[in-house]
Amino acid sequence: MDRRKSIQTMILGAGASALAFHGCKTEGDEPLVPETTITTDTNYYGRTPKELERVEKLNAEQLFNEHEMETIAVLSTVILPPKEPHGGPIEADVPAFIEFIGKDMPDMQNTLLGGLMWLDHRSNSDNEIEFKGATLEQQKQILDTICNQDLEIPLDNQPLEIQFFALMRNLVVTGYYTSKVGLADLGYKGNSPNVWDGVPDEVLKKHGVAYHPEWIAKCVNQSKRNDIAEWDEKGNLLT
C-alpha cells in the first residue's frame, strides 16, 4: 500500500476530525465563540459577524514570504502526492490553509518558520540547493530523517525538525481531507436515505388513510432516491 493510500485508509477509519486542531482562537487564546455564548442575532448564515471580522483580519496578514509558501507547496505534495482525477494539496489550497492556521494559532509559528529554515539549511548542506529545488529523491532522503518520532518521548521534548514534520503532516492531511477536493477523493457523498417503501397498506387502511399517488411517486419511488428534492416558493414539492 503506498503512502497516500495509507493516509486515506486512516482518514476513512478514524475520521478527519481526529487530526483537526482546536479551531479559531482570539489573541488571548480563548475560543472565538465560547460554548457558553448565547446570541440573539440571527441575521447571518454560517460564520457569525465576529468570526467574519476575525477571518478578514487574518487574511490581511502575512506569515510566510513567497519562498516559504513555495516550499510549503512542494513539501505538501511530497507528504501527500496528488492523484487523478481530484488532484492533491495544491488543488485543495492546502498551503493557504496552513498559512491561515499559522496566523490563527501563533504558538505554531516558531515551529513552522524554524522547520522551513531547517529544511533549506539541510538541503543546502546535503545537495547545495534549497529544498524546493531539490529532486524528489533528495527531498525524501531529508524527510526520512525527521518523519519518525520517538513515541516514548513527548513530542515537545524532541528536536524542532521532528516537531515540525509532525505538525506539517497533520496540517497537510487535515487541510486536504476537510476540503471539497479531499472529500471527493474519499468518495464521501453525505448522508443517503435508507430504502423505505412507505407505511404498509394494511396499516393505512386500518387508520382510514391513504397516500396521494403524486407523493407516492415522488417520495417512495426508489429510482429517484438519490435525486435532490426541490420546492417552489410556496413550499410545494416539485421533484
# chains A, B, ... in the order shown; residues from 1 in each chain; ligands from 1
>>> residues_around(residues="Ile129 (chain A)", least_positions_apart="6", cutoff="12 Å", atoms="only C-alpha atoms", output="list in words")
Leu119, Asp120, His121, Arg122, Ser123, Thr135, Gln138 and Gln139 of chain A
>>> write_last_selection(atoms="N, CA, C and O atoms", output="short mmCIF file (atom, residue, chain, number, x, y, z; two decimals), in the first residue's frame")
data_model
loop_
_atom_site.label_atom_id
_atom_site.label_comp_id
_atom_site.auth_asym_id
_atom_site.auth_seq_id
_atom_site.Cartn_x
_atom_site.Cartn_y
_atom_site.Cartn_z
N LEU A 119 14.81 22.95 6.79
CA LEU A 119 14.76 22.20 5.53
C LEU A 119 15.75 22.76 4.52
O LEU A 119 16.48 22.01 3.86
N ASP A 120 15.75 24.08 4.37
CA ASP A 120 16.65 24.70 3.40
C ASP A 120 18.11 24.52 3.82
O ASP A 120 18.98 24.25 2.97
N HIS A 121 18.38 24.68 5.11
CA HIS A 121 19.76 24.52 5.58
C HIS A 121 20.25 23.10 5.32
O HIS A 121 21.37 22.89 4.83
N ARG A 122 19.40 22.12 5.63
CA ARG A 122 19.79 20.71 5.44
C ARG A 122 19.97 20.40 3.96
O ARG A 122 20.92 19.72 3.56
N SER A 123 19.06 20.91 3.14
CA SER A 123 19.14 20.65 1.71
C SER A 123 20.37 21.32 1.09
O SER A 123 21.05 20.74 0.24
N THR A 135 15.67 17.43 -6.04
CA THR A 135 14.90 16.37 -6.69
C THR A 135 13.99 15.71 -5.66
O THR A 135 14.22 15.82 -4.44
N GLN A 138 15.94 13.46 -3.39
CA GLN A 138 16.71 14.20 -2.39
C GLN A 138 15.80 14.71 -1.27
O GLN A 138 16.16 14.66 -0.08
N GLN A 139 14.61 15.18 -1.66
CA GLN A 139 13.65 15.66 -0.66
C GLN A 139 13.23 14.53 0.27
O GLN A 139 13.15 14.70 1.50
#
>>> residues_around(residues="Ile146 (chain A)", least_positions_apart="2", cutoff="10 Å", atoms="only C-alpha atoms", output="PyMOL selection string")
chain A and resi 141-144+148-149+159-166
>>> closest_residue(among="A:Glu137, A:Asp185, A:Glu51, A:Glu214", to="Lys83 (chain A)", atoms="only C-alpha atoms")
A:Asp185
>>> residues_around(residues="region 99-103 of chain A", least_positions_apart="5", cutoff="8 Å", atoms="only C-alpha atoms", output="list in words")
Leu58, Asn59, Glu61, Gln62, Leu63, Phe64, Met108, Gln109 and Leu112 of chain A
>>> select_by_dssp(residues="region 58-204 of chain A", states="helix (DSSP H, G or I)", output="ChimeraX atom specification")
/A:58-59,66-79,94-104,106-127,131-133,136-143,155-157,160-177,180-186,201-204
>>> closest_residue(among="A:Pro49, A:Trp118, A:Ala217, A:Asp156", to="Gly198 (chain A)", atoms="only C-alpha atoms")
A:Ala217
>>> residues_around(residues="Glu66 (chain A)", least_positions_apart="5", cutoff="12 Å", atoms="only C-alpha atoms", output="PDB file with all heavy atoms, in the first residue's frame")
ATOM      1  N   THR A  71       7.872  26.613  -0.706  1.00  0.00           N
ATOM      2  CA  THR A  71       8.430  25.443  -0.026  1.00  0.00           C
ATOM      3  C   THR A  71       7.329  24.604   0.604  1.00  0.00           C
ATOM      4  O   THR A  71       7.340  23.368   0.527  1.00  0.00           O
ATOM      5  CB  THR A  71       9.439  25.874   1.055  1.00  0.00           C
ATOM      6  OG1 THR A  71      10.475  26.663   0.453  1.00  0.00           O
ATOM      7  CG2 THR A  71      10.062  24.654   1.729  1.00  0.00           C
ATOM      8  N   ILE A  72       6.348  25.270   1.212  1.00  0.00           N
ATOM      9  CA  ILE A  72       5.207  24.565   1.800  1.00  0.00           C
ATOM     10  C   ILE A  72       4.438  23.806   0.726  1.00  0.00           C
ATOM     11  O   ILE A  72       4.009  22.662   0.932  1.00  0.00           O
ATOM     12  CB  ILE A  72       4.281  25.553   2.532  1.00  0.00           C
ATOM     13  CG1 ILE A  72       4.962  26.073   3.796  1.00  0.00           C
ATOM     14  CG2 ILE A  72       2.942  24.897   2.891  1.00  0.00           C
ATOM     15  CD1 ILE A  72       4.219  27.194   4.490  1.00  0.00           C
ATOM     16  N   ALA A  73       4.271  24.427  -0.440  1.00  0.00           N
ATOM     17  CA  ALA A  73       3.563  23.772  -1.535  1.00  0.00           C
ATOM     18  C   ALA A  73       4.289  22.508  -1.976  1.00  0.00           C
ATOM     19  O   ALA A  73       3.671  21.444  -2.173  1.00  0.00           O
ATOM     20  CB  ALA A  73       3.408  24.738  -2.709  1.00  0.00           C
ATOM     21  N   PRO A  95      -1.639  24.980   1.046  1.00  0.00           N
ATOM     22  CA  PRO A  95      -0.683  25.986   1.531  1.00  0.00           C
ATOM     23  C   PRO A  95      -1.371  27.199   2.155  1.00  0.00           C
ATOM     24  O   PRO A  95      -0.931  27.698   3.200  1.00  0.00           O
ATOM     25  CB  PRO A  95       0.093  26.361   0.270  1.00  0.00           C
ATOM     26  CG  PRO A  95       0.047  25.118  -0.571  1.00  0.00           C
ATOM     27  CD  PRO A  95      -1.340  24.575  -0.344  1.00  0.00           C
ATOM     28  N   ALA A  96      -2.450  27.672   1.540  1.00  0.00           N
ATOM     29  CA  ALA A  96      -3.188  28.810   2.100  1.00  0.00           C
ATOM     30  C   ALA A  96      -3.821  28.432   3.431  1.00  0.00           C
ATOM     31  O   ALA A  96      -3.875  29.246   4.366  1.00  0.00           O
ATOM     32  CB  ALA A  96      -4.257  29.280   1.117  1.00  0.00           C
ATOM     33  N   GLU A  99      -1.091  28.532   6.083  1.00  0.00           N
ATOM     34  CA  GLU A  99      -0.754  29.895   6.490  1.00  0.00           C
ATOM     35  C   GLU A  99      -1.838  30.468   7.394  1.00  0.00           C
ATOM     36  O   GLU A  99      -1.547  31.132   8.401  1.00  0.00           O
ATOM     37  CB  GLU A  99      -0.561  30.800   5.287  1.00  0.00           C
ATOM     38  CG  GLU A  99      -0.099  32.188   5.747  1.00  0.00           C
ATOM     39  CD  GLU A  99       0.029  33.193   4.629  1.00  0.00           C
ATOM     40  OE1 GLU A  99      -0.867  33.258   3.779  1.00  0.00           O
ATOM     41  OE2 GLU A  99       1.020  33.934   4.645  1.00  0.00           O
ATOM     42  N   LYS A 132      13.069  23.283  -2.018  1.00  0.00           N
ATOM     43  CA  LYS A 132      12.048  23.279  -3.069  1.00  0.00           C
ATOM     44  C   LYS A 132      12.633  22.962  -4.443  1.00  0.00           C
ATOM     45  O   LYS A 132      11.916  22.518  -5.344  1.00  0.00           O
ATOM     46  CB  LYS A 132      11.307  24.615  -3.114  1.00  0.00           C
ATOM     47  CG  LYS A 132      12.150  25.775  -3.597  1.00  0.00           C
ATOM     48  CD  LYS A 132      11.327  27.059  -3.690  1.00  0.00           C
ATOM     49  CE  LYS A 132      12.143  28.177  -4.306  1.00  0.00           C
ATOM     50  NZ  LYS A 132      11.357  29.434  -4.443  1.00  0.00           N
TER      51      LYS A 132
END
>>> atom_distance(atom1="CA of Val94 (chain A)", atom2="CA of Gly175 (chain A)")
5.4 Å
>>> closest_residue(among="A:Asp232, A:Cys147, A:Glu84, A:Val55", to="Asn170 (chain A)", atoms="only C-alpha atoms")
A:Cys147
>>> atom_distance(atom1="CA of Asp201 (chain A)", atom2="CA of Leu237 (chain A)")
23.1 Å
>>> atom_distance(atom1="CA of Met69 (chain A)", atom2="CA of Thr111 (chain A)")
15.0 Å
